[in-house]
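**Student:** Structure below; questions to follow.
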Amino acid sequence: MSSTLFDKVWDAHVVRKIEDGPDVFLIDRHFIHEVTSPVAFVGLESRGLGVMFPERTFATADHNTPTINQHLPVKDPLSANQLNALEKNSAKYGISHWGLGNPKNGIVHVVGPENGITLPGMTIVCGDSHTSTHGAFGCIAFGIGTSEVEMVLSSQCIMQPKPKKMRITINGSLGKGVLPKDVPLYILSQISASGATGYFIEFAGEVFEKMSMEGRMTVCNLSIEMGARGGMIAPDETTFNYLKGKDLAPKGEAWDKALAYWKTLKTDADATFDYELTYNAADIEPQITYGTNPGLGTGISKHIPMAADVQDGAASYKKSLEYMGFHEDESILGKKIDYVFLGSCTNGRIEDFRAFASIVKGRKKADNITAWLVPGSHVVESQIKEEGILDILNEAGFELRQPGCSACLAMNDDKVPAGKYAVSTSNRNFEGRQGPNSRTLLASPYVAAAAAVTGVVTDPRELLEEA
């Protein structure tokens, strides 16, 4: 019987099927951080339970860590308590822990792949919605709640109903100035932030086949913003080349055996999906959001749509524009920006910093811009320095911060002030996401860099032409 990639991975991990209920589902890798794990460990202790397979769980501090002076004690008492709890719980149960100061520390969805913890065909969960990032490797990866974190710690299983299957195919070649981030933002603008609810997405076609692993991670990261349970891309030579030699990837004969299995992880030619969508790469230009969910976005050269032309209800749409201080049929180009954020599990990898630097090289940061450039890990931070990117950034008037989630969700001191506008390479633009009453425009590293040197929303293709 023909199967999709999703079916092959899902069915291989079902421990038990419950009639008219969810599947009992085995988890290969479990990532934890300081925010959603402490209560789960309290639950374990209250029931007298331990961690069944501590070697399958990996802990890193990222969400509310400071991005400057990480060598000093954390000032915020809640953050300090959470970080301390993660360290203590990890030590108690024998879980690998990469805390502040550890050279492997960084954002959970950055350090997993770069260390070879994330491998094709795996099931991966974390108490974080953007766990979908790992689907770029042909994994079934999704976020879970605190009670489910406790369930996985104690049993290495979770109970899940099997989602429906969607395939989104994009063929052709992306145009100048269009980065991987623009692809899911474009899809979101077409289907809305709820268009994939109830589905698990497979991204297919020439656009994704040509993408680097870092680009694929960006795409799968944003699948959750489409309402999907997660997204995945079939592993191929790009995947295998990325993983070979990673610290925790298989070696020698184990690599050969794993590779033989990984090459079977693709959708059979005659397999069917519950829903299919197809787009043309030529229709995608640099994107930017203008509203208060990731589906409210458009091509950067276009005007903000009229209420009648968007899938959100007219009342909520107009409320969204009112919050943002925008109007229907208004151009976004030229809008004054106050903050630029480069980073997060969406765009905090080395390729994102290379793209940003390619725009700012030979230019200067605009005087009205406060820029937070935050690498996703210490490995990325080291690459930035080794490749000379830090020199380019410093010469342009930018400073590099230390790894962490930073202004993506503003759980630390990196908060955009009320009423201020931020072009952000992160994943969510909800009201107050980057600080109370802050206003977020999601975009690619190119668009963020263009705003950083001009002070306004600027089409990056204009600056790429000048370079």
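In the structure tokens, the first chain shown is A, the next is B, and so on; residue numbers restart at 1 for each chain, and ligands run from 1 in the order shown.
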Per residue of range 17-107 of chain A within 8 Å of range 377-386 of chain A, note the shortest atom pair and the distance in Å to one decimal, counting only C-alpha atoms, and order the rows by chain and increasing residue number, as a tab-separated table.
**Tutor:**
```
residue	atom	partner	partner_atom	distance
A:Pro103	CA	A:His378	CA	5.8
A:Lys104	CA	A:His378	CA	6.3
A:Asn105	CA	A:Ser377	CA	6.0
A:Gly106	CA	A:Ser377	CA	3.8
A:Ile107	CA	A:Ser377	CA	6.1
```
**Student:** Range 129-368 of chain A: which residues are alpha helix (DSSP H) by DSSP, as a PyMOL selection string?
**Tutor:** chain A and resi 146-155+182-191+206-210+213-221+237-243+253-262+314-324+344-347+350-360
**Student:** Residues near range 191-200 of chain A, anyone? I mean within 7 Å using only C-alpha atoms, not counting same-chain ones fewer than 3 positions away, as a PDB file with C-alpha atoms, in the first residue's frame.
**Tutor:**
```pdb
ATOM      1  CA  PRO A 163      -3.856  14.485  11.916  1.00  0.00           C
ATOM      2  CA  LYS A 164      -5.059  14.703   8.333  1.00  0.00           C
ATOM      3  CA  LYS A 165      -2.460  15.131   5.600  1.00  0.00           C
ATOM      4  CA  MET A 166      -1.842  18.202   3.453  1.00  0.00           C
ATOM      5  CA  ILE A 187       1.584  30.731   1.948  1.00  0.00           C
ATOM      6  CA  LEU A 188       0.139  32.271   5.105  1.00  0.00           C
ATOM      7  CA  GLU A 225       1.470  29.524  12.245  1.00  0.00           C
ATOM      8  CA  MET A 226      -0.699  28.101   9.474  1.00  0.00           C
ATOM      9  CA  GLY A 227      -2.731  26.240  12.094  1.00  0.00           C
ATOM     10  CA  ALA A 228      -1.068  22.926  11.228  1.00  0.00           C
ATOM     11  CA  ARG A 229       0.104  20.403  13.806  1.00  0.00           C
ATOM     12  CA  GLY A 230       3.462  20.568  12.086  1.00  0.00           C
ATOM     13  CA  GLY A 231       5.268  20.459   8.767  1.00  0.00           C
ATOM     14  CA  ASN A 293      -1.385  37.442  13.090  1.00  0.00           C
ATOM     15  CA  PRO A 294       1.162  35.930  10.684  1.00  0.00           C
ATOM     16  CA  GLY A 295      -1.487  35.401   8.005  1.00  0.00           C
ATOM     17  CA  GLN A 311     -10.260  35.868   5.169  1.00  0.00           C
TER      18      GLN A 311
END
```
**Student:** Skipping near chain neighbours, those fewer than 5 positions away, what residues fall within 12 Å of Asn280 in chain A using only C-alpha atoms, listed as a list in words?
**Tutor:**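 Listing them by chain and then by number gives Ile168, Thr169, Ile170, Asn171, Gly172, Ser173, Leu174, Gly175, Val183, Tyr186, Ile187, Gly205, Glu206, Val207 and Glu285 of chain A.
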**Student:** With N, CA, C and O atoms retained, could you export that selection as a PDB file, in the first residue's frame?
**Tutor:**
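Final output, part.pdb:
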```pdb
ATOM      1  N   ILE A 168       1.742  20.862   0.274  1.00  0.00           N
ATOM      2  CA  ILE A 168       1.873  22.161  -0.384  1.00  0.00           C
ATOM      3  C   ILE A 168       3.076  22.081  -1.310  1.00  0.00           C
ATOM      4  O   ILE A 168       4.210  21.886  -0.866  1.00  0.00           O
ATOM      5  N   THR A 169       2.826  22.215  -2.595  1.00  0.00           N
ATOM      6  CA  THR A 169       3.868  22.084  -3.612  1.00  0.00           C
ATOM      7  C   THR A 169       4.155  23.437  -4.246  1.00  0.00           C
ATOM      8  O   THR A 169       3.222  24.151  -4.643  1.00  0.00           O
ATOM      9  N   ILE A 170       5.434  23.798  -4.312  1.00  0.00           N
ATOM     10  CA  ILE A 170       5.828  25.034  -4.992  1.00  0.00           C
ATOM     11  C   ILE A 170       6.979  24.710  -5.932  1.00  0.00           C
ATOM     12  O   ILE A 170       8.048  24.265  -5.508  1.00  0.00           O
ATOM     13  N   ASN A 171       6.749  24.941  -7.209  1.00  0.00           N
ATOM     14  CA  ASN A 171       7.776  24.697  -8.222  1.00  0.00           C
ATOM     15  C   ASN A 171       8.266  26.013  -8.814  1.00  0.00           C
ATOM     16  O   ASN A 171       7.642  27.063  -8.660  1.00  0.00           O
ATOM     17  N   GLY A 172       9.401  25.933  -9.507  1.00  0.00           N
ATOM     18  CA  GLY A 172      10.005  27.121 -10.086  1.00  0.00           C
ATOM     19  C   GLY A 172      11.176  27.591  -9.248  1.00  0.00           C
ATOM     20  O   GLY A 172      11.635  26.892  -8.340  1.00  0.00           O
ATOM     21  N   SER A 173      11.663  28.774  -9.540  1.00  0.00           N
ATOM     22  CA  SER A 173      12.808  29.347  -8.832  1.00  0.00           C
ATOM     23  C   SER A 173      12.406  30.657  -8.167  1.00  0.00           C
ATOM     24  O   SER A 173      11.680  31.467  -8.761  1.00  0.00           O
ATOM     25  N   LEU A 174      12.882  30.863  -6.949  1.00  0.00           N
ATOM     26  CA  LEU A 174      12.592  32.098  -6.228  1.00  0.00           C
ATOM     27  C   LEU A 174      13.357  33.257  -6.855  1.00  0.00           C
ATOM     28  O   LEU A 174      14.488  33.103  -7.309  1.00  0.00           O
ATOM     29  N   GLY A 175      12.733  34.421  -6.874  1.00  0.00           N
ATOM     30  CA  GLY A 175      13.322  35.594  -7.496  1.00  0.00           C
ATOM     31  C   GLY A 175      14.341  36.286  -6.606  1.00  0.00           C
ATOM     32  O   GLY A 175      14.574  35.904  -5.453  1.00  0.00           O
ATOM     33  N   VAL A 183       8.704  32.433   1.784  1.00  0.00           N
ATOM     34  CA  VAL A 183       7.842  31.368   1.255  1.00  0.00           C
ATOM     35  C   VAL A 183       6.696  31.036   2.208  1.00  0.00           C
ATOM     36  O   VAL A 183       5.523  31.081   1.811  1.00  0.00           O
ATOM     37  N   TYR A 186       4.317  33.932   2.437  1.00  0.00           N
ATOM     38  CA  TYR A 186       3.440  33.988   1.261  1.00  0.00           C
ATOM     39  C   TYR A 186       2.295  32.982   1.395  1.00  0.00           C
ATOM     40  O   TYR A 186       1.124  33.319   1.146  1.00  0.00           O
ATOM     41  N   ILE A 187       2.627  31.750   1.772  1.00  0.00           N
ATOM     42  CA  ILE A 187       1.584  30.731   1.948  1.00  0.00           C
ATOM     43  C   ILE A 187       0.553  31.206   2.972  1.00  0.00           C
ATOM     44  O   ILE A 187      -0.661  31.076   2.767  1.00  0.00           O
ATOM     45  N   GLY A 205       8.227  19.977  -3.833  1.00  0.00           N
ATOM     46  CA  GLY A 205       8.450  20.742  -5.048  1.00  0.00           C
ATOM     47  C   GLY A 205       9.847  21.329  -5.127  1.00  0.00           C
ATOM     48  O   GLY A 205      10.650  21.247  -4.188  1.00  0.00           O
ATOM     49  N   GLU A 206      10.136  21.936  -6.272  1.00  0.00           N
ATOM     50  CA  GLU A 206      11.482  22.406  -6.575  1.00  0.00           C
ATOM     51  C   GLU A 206      12.006  23.446  -5.592  1.00  0.00           C
ATOM     52  O   GLU A 206      13.200  23.451  -5.260  1.00  0.00           O
ATOM     53  N   VAL A 207      11.135  24.322  -5.114  1.00  0.00           N
ATOM     54  CA  VAL A 207      11.578  25.379  -4.202  1.00  0.00           C
ATOM     55  C   VAL A 207      12.181  24.792  -2.934  1.00  0.00           C
ATOM     56  O   VAL A 207      13.253  25.210  -2.479  1.00  0.00           O
ATOM     57  N   GLU A 285       7.244  37.450  -3.841  1.00  0.00           N
ATOM     58  CA  GLU A 285       8.216  38.529  -3.696  1.00  0.00           C
ATOM     59  C   GLU A 285       8.542  38.673  -2.204  1.00  0.00           C
ATOM     60  O   GLU A 285       7.937  38.000  -1.365  1.00  0.00           O
TER      61      GLU A 285
END
```
**Student:** Point out the residue among A:Ser444, A:Ser90, A:Thr146, A:Gln160 with the least atom-to-atom distance to Val14 in chain A, counting only C-alpha atoms.
**Tutor:** A:Gln160
**Student:** Using only C-alpha atoms, which of A:Pro180, A:Val111, A:Ser37, A:Thr370 sits nearest Ile144 in chain A?
**Tutor:**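 Counting only C-alpha atoms, the residue closest to Ile144 in chain A is A:Ser37.
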**Student:** Suppose you want the space between CA of Asp62 in chain A and CA of Asp236 in chain A; what is it in Å?
**Tutor:**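 Separation between CA of Asp62 in chain A and CA of Asp236 in chain A: 29.9 Å.
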**Student:** With a distance cut-off of 9 Å and only C-alpha atoms, select the neighbouring residues of range 264-269 of chain A, excluding the residue or stretch itself and same-chain residues fewer than 2 positions from it, and output the selection as a list in words.
**Tutor:** Ser2, Ser3, Thr4, Leu5, Phe6, Asp7, Lys8, Val9, Pro120, Gly121, Gly138, Ile233, Ala234, Pro235, Asp236, Leu259, Ala260, Tyr261, Trp262, Ala271 and Thr272 of chain A
**Student:** Write a file of the selected residues as a short mmCIF file (atom, residue, chain, number, x, y, z; two decimals), in the first residue's frame, keeping N, CA, C and O atoms.
**Tutor:**
```cif
data_model
loop_
_atom_site.label_atom_id
_atom_site.label_comp_id
_atom_site.auth_asym_id
_atom_site.auth_seq_id
_atom_site.Cartn_x
_atom_site.Cartn_y
_atom_site.Cartn_z
N SER A 2 0.54 2.21 -0.83
CA SER A 2 1.32 3.44 -0.93
C SER A 2 1.12 4.31 0.30
O SER A 2 0.02 4.39 0.85
N SER A 3 2.21 4.97 0.70
CA SER A 3 2.16 5.78 1.91
C SER A 3 2.84 7.13 1.69
O SER A 3 3.74 7.26 0.87
N THR A 4 2.39 8.11 2.44
CA THR A 4 3.08 9.40 2.45
C THR A 4 4.25 9.32 3.43
O THR A 4 4.34 8.41 4.26
N LEU A 5 5.15 10.29 3.34
CA LEU A 5 6.24 10.40 4.29
C LEU A 5 5.68 10.45 5.72
O LEU A 5 6.18 9.78 6.62
N PHE A 6 4.64 11.23 5.90
CA PHE A 6 4.04 11.37 7.23
C PHE A 6 3.53 10.02 7.75
O PHE A 6 3.78 9.65 8.90
N ASP A 7 2.83 9.27 6.89
CA ASP A 7 2.33 7.95 7.30
C ASP A 7 3.47 7.03 7.72
O ASP A 7 3.36 6.30 8.72
N LYS A 8 4.54 7.03 6.95
CA LYS A 8 5.66 6.13 7.24
C LYS A 8 6.26 6.39 8.62
O LYS A 8 6.55 5.46 9.37
N VAL A 9 6.44 7.66 8.95
CA VAL A 9 7.04 7.99 10.24
C VAL A 9 6.03 7.78 11.37
O VAL A 9 6.35 7.20 12.41
N PRO A 120 16.50 12.28 10.65
CA PRO A 120 15.33 11.90 9.84
C PRO A 120 14.56 10.72 10.42
O PRO A 120 15.14 9.81 11.02
N GLY A 121 13.24 10.77 10.24
CA GLY A 121 12.38 9.68 10.65
C GLY A 121 12.05 9.65 12.12
O GLY A 121 11.35 8.74 12.58
N GLY A 138 12.59 15.63 7.89
CA GLY A 138 11.74 14.47 7.67
C GLY A 138 11.29 13.85 8.98
O GLY A 138 11.09 12.63 9.07
N ILE A 233 9.60 18.01 5.51
CA ILE A 233 10.17 17.96 4.17
C ILE A 233 10.97 16.67 4.07
O ILE A 233 11.69 16.30 5.00
N ALA A 234 10.83 15.96 2.96
CA ALA A 234 11.51 14.68 2.80
C ALA A 234 13.02 14.85 2.84
O ALA A 234 13.56 15.75 2.19
N PRO A 235 13.73 14.00 3.58
CA PRO A 235 15.19 14.09 3.62
C PRO A 235 15.81 13.70 2.28
O PRO A 235 15.28 12.85 1.57
N ASP A 236 16.92 14.34 1.95
CA ASP A 236 17.61 14.06 0.69
C ASP A 236 19.10 14.29 0.90
O ASP A 236 19.57 14.39 2.04
N LEU A 259 21.53 5.80 7.09
CA LEU A 259 21.37 6.41 5.78
C LEU A 259 20.47 5.55 4.87
O LEU A 259 19.63 6.08 4.14
N ALA A 260 20.65 4.24 4.93
CA ALA A 260 19.82 3.34 4.12
C ALA A 260 18.35 3.50 4.48
O ALA A 260 17.48 3.50 3.60
N TYR A 261 18.07 3.65 5.77
CA TYR A 261 16.68 3.85 6.20
C TYR A 261 16.17 5.23 5.80
O TYR A 261 15.06 5.38 5.28
N TRP A 262 17.00 6.25 6.01
CA TRP A 262 16.57 7.61 5.70
C TRP A 262 16.18 7.76 4.23
O TRP A 262 15.28 8.54 3.90
N ALA A 271 0.77 7.91 -3.57
CA ALA A 271 0.15 8.15 -2.26
C ALA A 271 -0.76 9.38 -2.35
O ALA A 271 -0.53 10.29 -3.16
N THR A 272 -1.78 9.40 -1.54
CA THR A 272 -2.76 10.49 -1.59
C THR A 272 -2.76 11.31 -0.30
O THR A 272 -2.41 10.81 0.76
#
```
**Student:** So which residues of range 266-311 of chain A fall under strand (DSSP E or B) by DSSP, listed as a PyMOL selection string?
**Tutor:** chain A and resi 275-280+287-289+297-299+303
**Student:** Using only C-alpha atoms, can you tell me which of A:Ala371, A:Cys220, A:Ala59, A:Leu400 comes closest to Cys139 in chain A?
**Tutor:**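 Among the listed residues, A:Cys220 lies closest to Cys139 in chain A.
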**Student:** Using only C-alpha atoms, can you tell me which of A:Ala357, A:Ala422, A:Ile68, A:Leu222 comes closest to Ala396 in chain A?
**Tutor:** A:Ala357
**Student:** Output as CSV one row per residue of range 82-169 of chain A within 12 Å of range 209-218 of chain A: the closest atom pair and its distance in Å to one decimal place, counting only C-alpha atoms, sorted by chain and residue number ascending.
**Tutor:**
```
residue,atom,partner,partner_atom,distance
A:His109,CA,A:Met217,CA,8.9
A:Val110,CA,A:Met217,CA,9.1
A:Gly112,CA,A:Met217,CA,11.5
A:Pro113,CA,A:Met217,CA,9.3
A:Glu114,CA,A:Glu214,CA,10.0
A:Thr118,CA,A:Met217,CA,11.5
A:His130,CA,A:Thr218,CA,10.1
A:Thr131,CA,A:Met217,CA,10.1
A:Ser132,CA,A:Met217,CA,8.5
A:Thr133,CA,A:Met217,CA,5.0
A:His134,CA,A:Met217,CA,6.6
A:Gly135,CA,A:Met217,CA,7.3
A:Ala136,CA,A:Met217,CA,5.1
A:Phe137,CA,A:Met213,CA,7.9
A:Gly138,CA,A:Arg216,CA,10.4
A:Cys139,CA,A:Met217,CA,11.3
A:Ala141,CA,A:Met217,CA,11.6
A:Thr169,CA,A:Glu209,CA,10.6
```
**Student:** Atoms to include: N, CA and C atoms. Write the selected residues as a tab-separated table (two decimals), in the first residue's frame.
**Tutor:**
```
chain	number	residue	atom	x	y	z
A	109	HIS	N	15.54	24.90	19.28
A	109	HIS	CA	15.33	24.42	17.90
A	109	HIS	C	16.49	24.78	16.98
A	110	VAL	N	17.50	25.42	17.52
A	110	VAL	CA	18.74	25.66	16.78
A	110	VAL	C	19.79	24.64	17.20
A	112	GLY	N	19.41	21.67	18.62
A	112	GLY	CA	19.09	20.28	18.30
A	112	GLY	C	19.65	19.83	16.96
A	113	PRO	N	19.31	20.53	15.88
A	113	PRO	CA	19.86	20.17	14.57
A	113	PRO	C	21.37	20.33	14.47
A	114	GLU	N	21.93	21.42	15.00
A	114	GLU	CA	23.36	21.67	14.78
A	114	GLU	C	24.25	20.68	15.54
A	118	THR	N	18.69	15.95	16.17
A	118	THR	CA	17.56	15.82	15.25
A	118	THR	C	17.98	15.00	14.04
A	130	HIS	N	7.02	25.87	18.42
A	130	HIS	CA	7.82	25.88	17.20
A	130	HIS	C	8.76	24.68	17.06
A	131	THR	N	8.42	23.63	17.79
A	131	THR	CA	9.10	22.35	17.62
A	131	THR	C	8.93	21.84	16.20
A	132	SER	N	7.94	22.34	15.50
A	132	SER	CA	7.72	21.98	14.09
A	132	SER	C	8.96	22.23	13.24
A	133	THR	N	9.88	23.06	13.71
A	133	THR	CA	11.14	23.34	13.00
A	133	THR	C	11.85	22.06	12.57
A	134	HIS	N	11.86	21.07	13.44
A	134	HIS	CA	12.63	19.84	13.20
A	134	HIS	C	12.05	18.99	12.07
A	135	GLY	N	10.85	19.32	11.63
A	135	GLY	CA	10.25	18.62	10.50
A	135	GLY	C	11.04	18.78	9.22
A	136	ALA	N	11.94	19.76	9.20
A	136	ALA	CA	12.78	19.98	8.02
A	136	ALA	C	13.65	18.77	7.71
A	137	PHE	N	13.83	17.89	8.68
A	137	PHE	CA	14.68	16.71	8.52
A	137	PHE	C	13.87	15.45	8.20
A	138	GLY	N	12.59	15.63	7.89
A	138	GLY	CA	11.74	14.47	7.67
A	138	GLY	C	11.29	13.85	8.98
A	139	CYS	N	11.13	14.68	10.00
A	139	CYS	CA	10.65	14.24	11.31
A	139	CYS	C	9.19	14.62	11.49
A	141	ALA	N	7.44	16.40	14.21
A	141	ALA	CA	7.83	17.21	15.36
A	141	ALA	C	6.74	18.21	15.66
A	169	THR	N	2.83	22.22	-2.60
A	169	THR	CA	3.87	22.08	-3.61
A	169	THR	C	4.15	23.44	-4.25
```
**Student:** Which distance in Å separates CA of Ala258 in chain A and CA of Lys162 in chain A, to one decimal?
**Tutor:** 25.5 Å
**Student:** Name the residues in contact with Ser406 in chain A at a cut-off of 9 Å, using only C-alpha atoms, excluding same-chain residues fewer than 3 positions from it; report them as a PyMOL selection string.
**Tutor:** chain A and resi 62-67+341+343-344+372+374+403+409-415
**Student:** Could you turn the residues from that selection into a file that holds C-alpha atoms, as a tab-separated table (two decimals), in the first residue's frame?
**Tutor:**
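For reference, result-v3.tsv as written:
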```
chain	number	residue	atom	x	y	z
A	62	ASP	CA	16.79	29.88	26.05
A	63	HIS	CA	13.40	31.53	26.57
A	64	ASN	CA	13.93	34.07	29.32
A	65	THR	CA	17.71	34.23	29.33
A	66	PRO	CA	19.39	37.63	29.04
A	67	THR	CA	21.21	38.40	25.79
A	341	PHE	CA	15.20	42.16	15.49
A	343	GLY	CA	17.17	36.16	15.53
A	344	SER	CA	14.83	33.51	17.04
A	372	TRP	CA	18.91	43.53	18.38
A	374	VAL	CA	20.81	37.75	18.45
A	403	PRO	CA	22.29	33.70	22.20
A	409	LEU	CA	8.50	36.67	22.87
A	410	ALA	CA	9.99	39.33	25.16
A	411	MET	CA	10.30	37.11	28.24
A	412	ASN	CA	13.58	38.81	29.09
A	413	ASP	CA	14.62	42.47	28.95
A	414	ASP	CA	14.48	42.65	25.13
A	415	LYS	CA	11.07	44.30	24.88
```
**Student:** For Gly362 in chain A, work out the shell of residues within 10 Å, counting only C-alpha atoms and skipping chain neighbours fewer than 4 positions away, then give it as a ChimeraX atom specification.
**Tutor:** /A:357-358,392-393,395-396,467
**Student:** Taking into account only C-alpha atoms, which residue in the set A:Leu78, A:Val51, A:Cys405, A:Ile201 is nearest to Val152 in chain A?
**Tutor:**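 For Val152 in chain A, the nearest of the given residues is A:Val51.
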